[in-house]
file structure.pdb (PDB, C-alpha atoms and all ligand atoms)
ATOM      1  CA  MET A  93      -3.074  -4.535  16.247
ATOM      2  CA  LEU A  94      -0.740  -5.148  13.306
ATOM      3  CA  VAL A  95      -2.089  -6.073   9.860
ATOM      4  CA  ARG A  96      -0.122  -6.921   6.734
ATOM      5  CA  ALA A  97      -1.023  -5.147   3.494
ATOM      6  CA  TYR A  98       0.196  -7.148   0.487
ATOM      7  CA  ALA A  99       1.285  -5.906  -2.960
ATOM      8  CA  LYS A 100      -0.148  -7.463  -6.137
ATOM      9  CA  ILE A 101       0.875  -7.986  -9.731
ATOM     10  CA  ASN A 102      -1.345  -8.655 -12.757
ATOM     11  CA  LEU A 103      -0.474 -11.856 -14.611
ATOM     12  CA  VAL A 104      -2.824 -10.817 -17.390
ATOM     13  CA  LEU A 105      -4.750  -7.568 -17.872
ATOM     14  CA  ASP A 106      -7.184  -7.076 -20.718
ATOM     15  CA  VAL A 107      -9.356  -4.004 -21.246
ATOM     16  CA  LEU A 108     -12.695  -5.093 -22.710
ATOM     17  CA  GLY A 109     -14.218  -1.644 -23.173
ATOM     18  CA  THR A 110     -15.197   1.657 -21.614
ATOM     19  CA  ARG A 111     -18.153   1.828 -19.244
ATOM     20  CA  ALA A 112     -20.834   4.484 -18.985
ATOM     21  CA  ASP A 113     -19.257   5.629 -15.687
ATOM     22  CA  GLY A 114     -15.935   6.311 -17.477
ATOM     23  CA  TYR A 115     -14.145   3.332 -15.906
ATOM     24  CA  HIS A 116     -12.814   0.467 -18.008
ATOM     25  CA  GLU A 117     -14.245  -3.032 -18.077
ATOM     26  CA  LEU A 118     -11.419  -5.380 -17.105
ATOM     27  CA  PHE A 119     -10.525  -9.045 -17.365
ATOM     28  CA  THR A 120      -7.477  -9.440 -15.184
ATOM     29  CA  ILE A 121      -5.833 -12.101 -13.039
ATOM     30  CA  MET A 122      -4.174 -10.709  -9.951
ATOM     31  CA  GLN A 123      -1.604 -12.388  -7.734
ATOM     32  CA  THR A 124      -0.678 -11.372  -4.178
ATOM     33  CA  LEU A 125       3.047 -11.039  -3.421
ATOM     34  CA  ASP A 126       4.941 -11.506  -0.151
ATOM     35  CA  LEU A 127       6.067  -7.861  -0.301
ATOM     36  CA  HIS A 128       3.884  -5.967   2.196
ATOM     37  CA  ASP A 129       3.351  -2.803   4.191
ATOM     38  CA  VAL A 130       2.583  -3.102   7.891
ATOM     39  CA  VAL A 131      -0.465  -1.292   9.248
ATOM     40  CA  GLU A 132      -0.604  -0.628  12.987
ATOM     41  CA  LEU A 133      -4.024   0.187  14.430
ATOM     42  CA  THR A 134      -4.794   1.469  17.931
ATOM     43  CA  GLU A 135      -8.006   2.842  19.418
ATOM     44  CA  ALA A 136      -8.169   6.645  19.499
ATOM     45  CA  ARG A 137     -10.820   9.344  19.828
ATOM     46  CA  ASP A 138     -10.587  10.355  16.187
ATOM     47  CA  ILE A 139      -8.977   9.073  12.993
ATOM     48  CA  GLU A 140      -5.273   9.923  12.847
ATOM     49  CA  LEU A 141      -2.798   8.746  10.218
ATOM     50  CA  VAL A 142       0.988   8.563  10.333
ATOM     51  CA  VAL A 143       3.083   7.362   7.361
ATOM     52  CA  GLU A 144       6.625   6.001   7.665
ATOM     53  CA  GLY A 145       8.932   5.002   4.814
ATOM     54  CA  ALA A 146       7.352   6.935   1.926
ATOM     55  CA  ASN A 147       6.657  10.503   0.987
ATOM     56  CA  LEU A 148       2.885  10.121   1.102
ATOM     57  CA  THR A 149       0.188  12.470   2.294
ATOM     58  CA  ALA A 150      -1.262  11.471   5.682
ATOM     59  CA  GLY A 151      -4.496  13.436   5.194
ATOM     60  CA  PRO A 152      -7.994  12.518   4.025
ATOM     61  CA  GLU A 153      -6.707  11.982   0.443
ATOM     62  CA  ASN A 154      -4.827   8.882   1.633
ATOM     63  CA  LEU A 155      -6.786   5.688   0.828
ATOM     64  CA  ALA A 156      -6.100   4.262   4.315
ATOM     65  CA  TYR A 157      -7.621   7.350   5.919
ATOM     66  CA  ARG A 158     -10.600   7.216   3.551
ATOM     67  CA  ALA A 159     -11.176   3.537   4.364
ATOM     68  CA  ALA A 160     -11.276   4.252   8.120
ATOM     69  CA  ASP A 161     -13.533   7.246   7.641
ATOM     70  CA  LEU A 162     -15.967   5.356   5.393
ATOM     71  CA  LEU A 163     -16.101   2.359   7.749
ATOM     72  CA  ARG A 164     -16.784   4.626  10.713
ATOM     73  CA  ARG A 165     -19.563   6.502   8.910
ATOM     74  CA  GLN A 166     -21.189   3.307   7.584
ATOM     75  CA  SER A 167     -21.091   1.532  10.940
ATOM     76  CA  GLY A 168     -21.939   4.556  13.064
ATOM     77  CA  TYR A 169     -19.005   3.728  15.370
ATOM     78  CA  SER A 170     -18.421   6.630  17.747
ATOM     79  CA  LYS A 171     -14.648   6.503  18.277
ATOM     80  CA  GLY A 172     -11.664   6.492  15.939
ATOM     81  CA  ALA A 173      -8.240   4.925  15.500
ATOM     82  CA  LYS A 174      -4.614   5.862  15.129
ATOM     83  CA  ILE A 175      -3.310   4.306  11.901
ATOM     84  CA  LYS A 176       0.414   3.937  11.339
ATOM     85  CA  LEU A 177       1.463   2.836   7.870
ATOM     86  CA  VAL A 178       4.965   1.438   7.544
ATOM     87  CA  LYS A 179       5.505   1.489   3.792
ATOM     88  CA  HIS A 180       7.599  -1.083   1.940
ATOM     89  CA  ILE A 181       5.548  -1.275  -1.287
ATOM     90  CA  PRO A 182       6.631   1.445  -3.740
ATOM     91  CA  ILE A 183       4.005   4.093  -4.514
ATOM     92  CA  GLU A 184       2.510   4.967  -7.943
ATOM     93  CA  ALA A 185       3.992   1.687  -9.083
ATOM     94  CA  GLY A 186       1.111  -0.488 -10.383
ATOM     95  CA  LEU A 187       1.375  -2.753  -7.313
ATOM     96  CA  ALA A 188      -1.805  -1.583  -5.503
ATOM     97  CA  GLY A 189       0.115  -0.371  -2.425
ATOM     98  CA  GLY A 190      -2.487   2.262  -1.501
ATOM     99  CA  SER A 191      -5.376  -0.170  -2.076
ATOM    100  CA  ALA A 192      -3.629  -2.839   0.027
ATOM    101  CA  ASP A 193      -3.323  -0.362   2.912
ATOM    102  CA  ALA A 194      -7.010   0.560   2.589
ATOM    103  CA  ALA A 195      -8.015  -3.124   2.588
ATOM    104  CA  ALA A 196      -5.858  -3.800   5.663
ATOM    105  CA  VAL A 197      -7.500  -0.874   7.468
ATOM    106  CA  LEU A 198     -10.989  -2.194   6.629
ATOM    107  CA  ARG A 199     -10.133  -5.721   7.842
ATOM    108  CA  GLY A 200      -8.258  -4.525  10.903
ATOM    109  CA  LEU A 201     -10.755  -1.915  12.088
ATOM    110  CA  ASN A 202     -13.638  -4.335  11.521
ATOM    111  CA  GLU A 203     -11.908  -6.479  14.184
ATOM    112  CA  LEU A 204     -10.601  -3.715  16.445
ATOM    113  CA  TRP A 205     -13.981  -1.961  16.531
ATOM    114  CA  LYS A 206     -15.783  -5.366  16.761
ATOM    115  CA  LEU A 207     -18.163  -4.416  13.942
ATOM    116  CA  GLY A 208     -18.717  -8.001  12.774
ATOM    117  CA  MET A 209     -19.034  -7.057   9.087
ATOM    118  CA  GLY A 210     -18.798  -9.922   6.586
ATOM    119  CA  VAL A 211     -16.317 -10.036   3.723
ATOM    120  CA  ASN A 212     -19.001  -9.127   1.142
ATOM    121  CA  GLU A 213     -19.933  -6.003   3.055
ATOM    122  CA  LEU A 214     -16.261  -5.021   3.366
ATOM    123  CA  GLU A 215     -15.762  -5.650  -0.369
ATOM    124  CA  SER A 216     -18.648  -3.305  -1.233
ATOM    125  CA  LEU A 217     -17.111  -0.603   0.947
ATOM    126  CA  GLY A 218     -13.695  -1.348  -0.567
ATOM    127  CA  ALA A 219     -15.026  -0.782  -4.100
ATOM    128  CA  VAL A 220     -16.050   2.741  -3.073
ATOM    129  CA  ILE A 221     -12.449   3.479  -2.022
ATOM    130  CA  GLY A 222     -10.759   2.149  -5.185
ATOM    131  CA  SER A 223     -10.979  -0.454  -7.942
ATOM    132  CA  ASP A 224      -8.182  -2.690  -6.545
ATOM    133  CA  VAL A 225      -9.438  -2.735  -2.941
ATOM    134  CA  PRO A 226     -11.934  -5.641  -3.320
ATOM    135  CA  PHE A 227      -9.115  -7.891  -4.614
ATOM    136  CA  CYS A 228      -6.786  -6.749  -1.824
ATOM    137  CA  LEU A 229      -9.423  -7.794   0.728
ATOM    138  CA  LYS A 230      -9.499 -11.310  -0.692
ATOM    139  CA  GLY A 231      -5.894 -11.784  -1.847
ATOM    140  CA  GLY A 232      -4.270 -14.913  -3.270
ATOM    141  CA  THR A 233      -4.796 -15.584  -6.980
ATOM    142  CA  ALA A 234      -8.050 -14.271  -8.426
ATOM    143  CA  LEU A 235      -9.929 -13.396 -11.595
ATOM    144  CA  VAL A 236     -10.981  -9.765 -11.318
ATOM    145  CA  GLN A 237     -13.651  -8.305 -13.604
ATOM    146  CA  GLY A 238     -15.937  -5.286 -13.945
ATOM    147  CA  ARG A 239     -14.032  -2.208 -12.836
ATOM    148  CA  GLY A 240     -12.434  -4.389 -10.146
ATOM    149  CA  GLU A 241     -15.429  -5.199  -7.948
ATOM    150  CA  LYS A 242     -16.007  -8.788  -9.200
ATOM    151  CA  VAL A 243     -13.382 -11.001  -7.579
ATOM    152  CA  ASP A 244     -13.366 -14.790  -8.011
ATOM    153  CA  SER A 245     -10.666 -16.756  -6.201
ATOM    154  CA  LEU A 246      -8.620 -19.195  -8.313
ATOM    155  CA  PRO A 247      -6.441 -22.133  -7.271
ATOM    156  CA  SER A 248      -3.111 -21.040  -5.756
ATOM    157  CA  LEU A 249       0.008 -21.134  -7.918
ATOM    158  CA  PRO A 250       3.351 -22.294  -6.462
ATOM    159  CA  PRO A 251       5.398 -19.622  -4.621
ATOM    160  CA  LEU A 252       7.247 -18.440  -7.755
ATOM    161  CA  ALA A 253      10.229 -16.101  -7.325
ATOM    162  CA  VAL A 254       9.542 -12.561  -8.523
ATOM    163  CA  LEU A 255      11.829  -9.602  -9.098
ATOM    164  CA  LEU A 256      10.085  -6.207  -9.150
ATOM    165  CA  VAL A 257      11.881  -3.375 -10.916
ATOM    166  CA  LYS A 258      10.598   0.185 -10.773
ATOM    167  CA  PRO A 259      11.973   3.077 -12.824
ATOM    168  CA  SER A 260      12.533   6.344 -10.950
ATOM    169  CA  PHE A 261       9.227   7.879 -12.101
ATOM    170  CA  GLY A 262       5.674   7.024 -10.947
ATOM    171  CA  LEU A 263       2.483   6.917 -13.016
ATOM    172  CA  SER A 264      -1.103   7.934 -12.337
ATOM    173  CA  THR A 265      -3.556   5.126 -13.119
ATOM    174  CA  GLY A 266      -6.153   7.527 -14.512
ATOM    175  CA  GLN A 267      -3.633   9.051 -16.890
ATOM    176  CA  VAL A 268      -2.531   5.641 -18.227
ATOM    177  CA  TYR A 269      -6.163   4.663 -18.941
ATOM    178  CA  ARG A 270      -6.709   7.994 -20.750
ATOM    179  CA  MET A 271      -3.632   7.331 -22.916
ATOM    180  CA  TYR A 272      -4.973   3.818 -23.587
ATOM    181  CA  ASP A 273      -8.205   5.345 -24.941
ATOM    182  CA  ASP A 274      -6.203   7.178 -27.623
ATOM    183  CA  ILE A 275      -4.595   4.056 -29.104
ATOM    184  CA  LYS A 276      -5.919   2.995 -32.494
ATOM    185  CA  LYS A 277      -5.028  -0.711 -32.314
ATOM    186  CA  PRO A 278      -5.126  -1.875 -28.704
ATOM    187  CA  PHE A 279      -3.402  -5.134 -27.792
ATOM    188  CA  HIS A 280      -5.527  -7.890 -26.233
ATOM    189  CA  PRO A 281      -3.644 -10.538 -24.253
ATOM    190  CA  ASP A 282      -4.856 -14.146 -24.079
ATOM    191  CA  GLY A 283      -6.994 -13.771 -20.945
ATOM    192  CA  GLN A 284      -8.938 -17.036 -21.386
ATOM    193  CA  GLY A 285      -5.725 -18.966 -22.027
ATOM    194  CA  MET A 286      -4.208 -17.492 -18.863
ATOM    195  CA  LEU A 287      -7.308 -18.400 -16.864
ATOM    196  CA  GLN A 288      -7.023 -22.003 -18.042
ATOM    197  CA  ALA A 289      -3.296 -22.169 -17.296
ATOM    198  CA  VAL A 290      -3.844 -20.832 -13.764
ATOM    199  CA  CYS A 291      -6.736 -23.218 -13.128
ATOM    200  CA  CYS A 292      -4.579 -26.186 -14.265
ATOM    201  CA  GLY A 293      -1.541 -25.049 -12.254
ATOM    202  CA  ASP A 294       0.373 -24.968 -15.545
ATOM    203  CA  VAL A 295       3.279 -22.649 -14.640
ATOM    204  CA  SER A 296       4.904 -22.661 -18.086
ATOM    205  CA  GLY A 297       1.462 -21.883 -19.585
ATOM    206  CA  VAL A 298       1.172 -18.929 -17.183
ATOM    207  CA  VAL A 299       4.622 -17.667 -18.169
ATOM    208  CA  ALA A 300       3.787 -18.015 -21.886
ATOM    209  CA  ARG A 301       0.567 -16.000 -21.542
ATOM    210  CA  LEU A 302       1.754 -13.045 -19.452
ATOM    211  CA  GLY A 303       0.197 -10.001 -21.121
ATOM    212  CA  ASN A 304      -0.960  -6.490 -20.270
ATOM    213  CA  ALA A 305      -3.062  -4.267 -22.549
ATOM    214  CA  LEU A 306      -1.716  -1.140 -20.784
ATOM    215  CA  GLU A 307       1.941  -2.013 -21.344
ATOM    216  CA  GLN A 308       2.224  -0.691 -24.924
ATOM    217  CA  VAL A 309       0.918   2.718 -23.827
ATOM    218  CA  VAL A 310       3.654   3.094 -21.212
ATOM    219  CA  LEU A 311       6.340   1.432 -23.383
ATOM    220  CA  ALA A 312       5.738   3.980 -26.131
ATOM    221  CA  ARG A 313       6.525   6.868 -23.776
ATOM    222  CA  HIS A 314       9.142   5.444 -21.426
ATOM    223  CA  SER A 315      12.095   3.602 -22.951
ATOM    224  CA  GLU A 316      13.163   2.425 -19.446
ATOM    225  CA  ILE A 317      10.360  -0.153 -19.515
ATOM    226  CA  ARG A 318      11.844  -1.840 -22.574
ATOM    227  CA  GLU A 319      15.340  -1.596 -21.087
ATOM    228  CA  ILE A 320      14.228  -3.278 -17.845
ATOM    229  CA  LYS A 321      12.383  -6.010 -19.755
ATOM    230  CA  GLU A 322      15.469  -6.745 -21.841
ATOM    231  CA  ILE A 323      17.781  -6.883 -18.818
ATOM    232  CA  LEU A 324      15.426  -9.191 -16.893
ATOM    233  CA  ALA A 325      15.148 -11.547 -19.870
ATOM    234  CA  ALA A 326      18.910 -11.482 -20.456
ATOM    235  CA  PHE A 327      19.539 -12.459 -16.816
ATOM    236  CA  GLY A 328      17.284 -15.464 -16.978
ATOM    237  CA  ALA A 329      13.726 -14.372 -16.142
ATOM    238  CA  ASN A 330      11.276 -16.869 -17.641
ATOM    239  CA  GLY A 331       8.674 -14.179 -18.234
ATOM    240  CA  VAL A 332       8.587 -10.386 -17.888
ATOM    241  CA  LEU A 333       5.675  -7.935 -17.827
ATOM    242  CA  MET A 334       4.649  -4.509 -16.617
ATOM    243  CA  SER A 335       2.219  -4.758 -13.686
ATOM    244  CA  GLY A 336      -1.171  -2.979 -13.789
ATOM    245  CA  SER A 337      -0.896   0.602 -14.990
ATOM    246  CA  GLY A 338       2.861   0.524 -14.329
ATOM    247  CA  PRO A 339       5.559   1.489 -14.305
ATOM    248  CA  THR A 340       6.874  -1.481 -12.257
ATOM    249  CA  VAL A 341       8.051  -4.423 -14.373
ATOM    250  CA  PHE A 342       8.211  -7.905 -12.868
ATOM    251  CA  GLY A 343      10.284 -10.904 -13.864
ATOM    252  CA  LEU A 344       9.421 -14.491 -12.899
ATOM    253  CA  PHE A 345      12.428 -16.672 -12.045
ATOM    254  CA  ASP A 346      13.065 -20.361 -11.446
ATOM    255  CA  ASN A 347      14.555 -19.641  -8.041
ATOM    256  CA  GLU A 348      15.039 -16.834  -5.557
ATOM    257  CA  SER A 349      18.832 -16.812  -5.726
ATOM    258  CA  LEU A 350      18.794 -16.020  -9.460
ATOM    259  CA  ALA A 351      16.290 -13.215  -8.805
ATOM    260  CA  VAL A 352      18.478 -11.782  -6.021
ATOM    261  CA  LYS A 353      21.599 -11.974  -8.218
ATOM    262  CA  THR A 354      19.792 -10.067 -10.979
ATOM    263  CA  ALA A 355      18.603  -7.499  -8.390
ATOM    264  CA  GLY A 356      22.216  -6.467  -7.749
ATOM    265  CA  ARG A 357      22.792  -5.746 -11.435
ATOM    266  CA  LEU A 358      19.658  -3.619 -11.762
ATOM    267  CA  GLN A 359      20.350  -1.637  -8.579
ATOM    268  CA  LYS A 360      23.580  -0.409 -10.158
ATOM    269  CA  ARG A 361      21.434   1.244 -12.841
ATOM    270  CA  ASN A 362      19.417   3.207 -10.269
ATOM    271  CA  PHE A 363      16.190   1.269 -10.576
ATOM    272  CA  GLY A 364      14.198   0.395  -7.438
ATOM    273  CA  VAL A 365      14.439  -3.382  -6.994
ATOM    274  CA  TRP A 366      12.543  -5.815  -4.732
ATOM    275  CA  ALA A 367      13.001  -9.598  -4.696
ATOM    276  CA  THR A 368       9.822 -11.300  -3.491
ATOM    277  CA  LYS A 369       7.565 -14.245  -4.345
ATOM    278  CA  PHE A 370       3.929 -15.243  -4.922
ATOM    279  CA  CYS A 371       2.149 -15.283  -1.566
ATOM    280  CA  THR A 372       0.022 -18.389  -1.482
ATOM    281  CA  SER A 373      -0.746 -18.813   2.201
ATOM    282  CA  LYS A 374      -3.866 -17.306   3.700
ATOM    283  CA  ALA A 375      -2.101 -17.389   7.094
ATOM    284  CA  GLY A 376      -0.662 -13.967   6.348
ATOM    285  CA  TRP A 377      -4.173 -12.575   6.100
ATOM    286  CA  GLN A 378      -4.644 -12.856   9.840
ATOM    287  CA  THR A 379      -3.753  -9.911  11.995
ATOM    288  CA  LEU A 380      -0.231 -10.279  13.374
ATOM    289  CA  ARG A 381      -0.872  -9.224  16.928
ATOM    290  CA  GLY A 382      -4.296  -8.668  18.446
TER
HETATM  291  O1  LIG A 401     -10.583   3.100  -8.830
HETATM  292  P1  LIG A 401      -9.346   3.914  -8.774
HETATM  293  O2  LIG A 401      -9.561   5.223  -8.046
HETATM  294  O3  LIG A 401      -8.158   3.182  -8.258
HETATM  295  O4  LIG A 401      -8.990   4.294 -10.267
HETATM  296  C1  LIG A 401      -8.105   5.343 -10.600
HETATM  297  C2  LIG A 401      -8.413   5.769 -12.026
HETATM  298  O5  LIG A 401      -8.080   4.725 -12.933
HETATM  299  C3  LIG A 401      -9.879   6.051 -12.267
HETATM  300  O6  LIG A 401     -10.190   7.400 -11.996
HETATM  301  C4  LIG A 401     -10.044   5.723 -13.720
HETATM  302  O7  LIG A 401      -9.641   6.834 -14.497
HETATM  303  C5  LIG A 401      -9.030   4.608 -13.967
HETATM  304  N1  LIG A 401      -9.635   3.264 -13.966
HETATM  305  C6  LIG A 401     -10.395   2.873 -15.057
HETATM  306  N2  LIG A 401     -10.956   1.621 -15.073
HETATM  307  C7  LIG A 401     -10.757   0.764 -14.058
HETATM  308  C8  LIG A 401      -9.970   1.135 -12.947
HETATM  309  C9  LIG A 401      -9.428   2.398 -12.931
HETATM  310  O8  LIG A 401     -10.590   3.646 -16.002
HETATM  311  N3  LIG A 401     -11.302  -0.454 -14.117
END

call {"tool": "encode", "arguments": {"input": "structure.pdb", "output": "structure tokens", "more": "lines below"}}
Ligand code: C5P
result
Amino acid sequence: MLVRAYAKINLVLDVLGTRADGYHELFTIMQTLDLHDVVELTEARDIELVVEGANLTAGPENLAYRAADLLRRQSGYSKGAKIKLVKHIPIEAGLAGGSADAAAVLRGLNELWKLGMGVNELESLGAVIGSDVPFCLKGGTALVQGRGEKVDSLPSLPPLAVLLVKPSFGLSTGQVYRMYDDIKKPFHPDGQGMLQAVCCGDVSGVVARLGNALEQVVLARHSEIREIKEILAAFGANGVLMSGSGPTVFGLFDNESLAVKTAGRLQKRNFGVWATKFCTSKAGWQTLRG
């Protein structure tokens, strides 16, 4: 069985406060992209993981492995599965690649093992694996709150062209949140305004309200973020923003050909570059081959 695992960006990300459990209370709107990993699942006696296309651990620390293990323990299923991850989404990038893989494993193994679990049950399990997993299970465009476990679907936006640009370094989400806690005057983007713009399908309103409370933390330490933002704007991106806890920066373009043309210029500067678009069809959520 093949399952697609989609990357996400955050159109807006506001941090409302710190919770008693140490996590941060979020108000964020996430958007699924066409860029995806492919997860291949086959029945096996035990859980085995193989990773292709990225230097990632294939052991129990991997979120895909943890998802399979948790699902097996919760369901009491007696056998296992061989999981092959073919990675296309960059890692430690703020694009939820690991969470997308975990969500794909939960959805896929629920089918392969014929467990019959509902989406709510899978979302609760997903939240145990990581804060972005509940959104990755649902996909599309959604308002995400709490530490990530409250996911409300929003109307789809048009398939806007996106250029993702990742500097050579990666960032740990936990570390970025800890740096955020040290800022004296945190920035709060216009979350409510963004919610309204998305609900009205107002694309220029969305572009005008792109904002990420974590961006200033990363900007202050890594000048490449500013450099990428300036280049994207200079080459015609309508809006530019760092995604999630970074360091990937995305630019929204009027059309794919302009995004692809800009990609060439950024590649010359040794940044990782991916031209993609908003994924609006739920068709991709289905398994590819049963
Ligand atoms: O949930 P996940 O394991 O992906 O989170 C990684 C780290 O990011 C957490 O250990 C926590 O430090 C931070 N985090 C947070 N608030 C959130 C999500 C993540 O503080 N809402």

call {"tool": "residues_near_ligand", "arguments": {"input": "structure.pdb", "ligand": "ligand LIG 401 (chain A)", "cutoff": "8 Å", "atoms": "all atoms listed in the file", "output": "list in words"}}
result
Thr110, Gly114, Tyr115, His116, Glu117, Leu118, Ser191, Ala219, Val220, Ile221, Gly222, Ser223, Asp224, Gly238, Arg239, Gly240, Ser264, Thr265, Gly266, Gln267, Val268, Tyr269 and Arg270 of chain A

call {"tool": "atom_distance", "arguments": {"input": "structure.pdb", "atom1": "atom CA of Val290 of chain A", "atom2": "atom CA of Val104 of chain A"}}
result
10.7 Å

call {"tool": "closest_residue", "arguments": {"input": "structure.pdb", "among": "A:Phe370, A:Trp205, A:Phe119, A:Phe345", "to": "Leu287 of chain A", "atoms": "all atoms listed in the file"}}
result
A:Phe119

call {"tool": "resolve_selection", "arguments": {"input": "structure.pdb", "expression": "the PyMOL selection byres (((chain A and resi 207) around 12) and not hetatm)", "output": "list in words"}}
result
Leu163, Arg164, Gln166, Ser167, Gly168, Tyr169, Ser170, Leu198, Arg199, Gly200, Leu201, Asn202, Glu203, Leu204, Trp205, Lys206, Gly208, Met209, Gly210, Val211, Glu213 and Leu214 of chain A

call {"tool": "resolve_selection", "arguments": {"input": "structure.pdb", "expression": "the PyMOL selection byres (((chain A and resi 189) around 10) and not hetatm)", "output": "list in words"}}
result
Ala97, Tyr98, Ala99, Lys100, Leu127, His128, Asp129, Leu155, Lys179, His180, Ile181, Pro182, Ile183, Glu184, Ala185, Gly186, Leu187, Ala188, Gly190, Ser191, Ala192, Asp193, Ala194, Ala195, Asp224, Val225 and Cys228 of chain A

call {"tool": "closest_residue", "arguments": {"input": "structure.pdb", "among": "A:Gly151, A:Pro339, A:Gly262, A:Pro251", "to": "Asp126 of chain A", "atoms": "all atoms listed in the file"}}
result
A:Pro251

call {"tool": "resolve_selection", "arguments": {"input": "structure.pdb", "expression": "the PyMOL selection byres (((chain A and resi 350-352) around 9) and not hetatm)", "output": "PDB file with C-alpha atoms, keeping the file's coordinate frame"}}
result
ATOM      1  CA  ALA A 253      10.229 -16.101  -7.325  1.00  0.00           C
ATOM      2  CA  VAL A 254       9.542 -12.561  -8.523  1.00  0.00           C
ATOM      3  CA  LEU A 255      11.829  -9.602  -9.098  1.00  0.00           C
ATOM      4  CA  PHE A 327      19.539 -12.459 -16.816  1.00  0.00           C
ATOM      5  CA  GLY A 328      17.284 -15.464 -16.978  1.00  0.00           C
ATOM      6  CA  ALA A 329      13.726 -14.372 -16.142  1.00  0.00           C
ATOM      7  CA  GLY A 343      10.284 -10.904 -13.864  1.00  0.00           C
ATOM      8  CA  LEU A 344       9.421 -14.491 -12.899  1.00  0.00           C
ATOM      9  CA  PHE A 345      12.428 -16.672 -12.045  1.00  0.00           C
ATOM     10  CA  ASP A 346      13.065 -20.361 -11.446  1.00  0.00           C
ATOM     11  CA  ASN A 347      14.555 -19.641  -8.041  1.00  0.00           C
ATOM     12  CA  GLU A 348      15.039 -16.834  -5.557  1.00  0.00           C
ATOM     13  CA  SER A 349      18.832 -16.812  -5.726  1.00  0.00           C
ATOM     14  CA  LYS A 353      21.599 -11.974  -8.218  1.00  0.00           C
ATOM     15  CA  THR A 354      19.792 -10.067 -10.979  1.00  0.00           C
ATOM     16  CA  ALA A 355      18.603  -7.499  -8.390  1.00  0.00           C
ATOM     17  CA  GLY A 356      22.216  -6.467  -7.749  1.00  0.00           C
ATOM     18  CA  TRP A 366      12.543  -5.815  -4.732  1.00  0.00           C
ATOM     19  CA  ALA A 367      13.001  -9.598  -4.696  1.00  0.00           C
ATOM     20  CA  THR A 368       9.822 -11.300  -3.491  1.00  0.00           C
TER      21      THR A 368
END

call {"tool": "closest_residue", "arguments": {"input": "structure.pdb", "among": "A:Leu333, A:Ser296, A:Gly283, A:Thr372", "to": "Arg318 of chain A", "atoms": "only C-alpha atoms"}}
result
A:Leu333

call {"tool": "closest_atom_pairs", "arguments": {"input": "structure.pdb", "of": "segment 176-278 of chain A", "to": "segment 297-314 of chain A", "cutoff": "10 Å", "atoms": "all atoms listed in the file", "output": "tab-separated table"}}
result
residue	atom	partner	partner_atom	distance
A:Leu249	CA	A:Val298	CA	9.6
A:Pro259	CA	A:His314	CA	9.4
A:Phe261	CA	A:His314	CA	9.6
A:Leu263	CA	A:Val310	CA	9.1
A:Val268	CA	A:Val309	CA	7.2
A:Tyr269	CA	A:Leu306	CA	7.5
A:Arg270	CA	A:Val309	CA	9.8
A:Met271	CA	A:Val309	CA	6.5
A:Tyr272	CA	A:Val309	CA	6.0
A:Asp273	CA	A:Val309	CA	9.6
A:Asp274	CA	A:Val309	CA	9.2
A:Ile275	CA	A:Val309	CA	7.7
A:Pro278	CA	A:Ala305	CA	6.9

call {"tool": "closest_residue", "arguments": {"input": "structure.pdb", "among": "A:Leu246, A:Leu324, A:Leu94, A:Leu252", "to": "Cys292 of chain A", "atoms": "only C-alpha atoms"}}
result
A:Leu246

call {"tool": "closest_residue", "arguments": {"input": "structure.pdb", "among": "A:Ala112, A:Leu125, A:Ile320, A:Cys371", "to": "Thr340 of chain A", "atoms": "only C-alpha atoms"}}
result
A:Ile320

call {"tool": "atom_distance", "arguments": {"input": "structure.pdb", "atom1": "atom CA of Lys277 of chain A", "atom2": "atom CA of Asp113 of chain A"}}
result
22.8 Å

call {"tool": "axis_aligned_box", "arguments": {"input": "structure.pdb", "around": "segment 131-145 of chain A", "padding_each_side": "5 Å", "output": "AutoDock Vina command-line options"}}
result
--center_x -0.9 --center_y 4.5 --center_z 12.3 --size_x 29.8 --size_y 21.6 --size_z 25.0
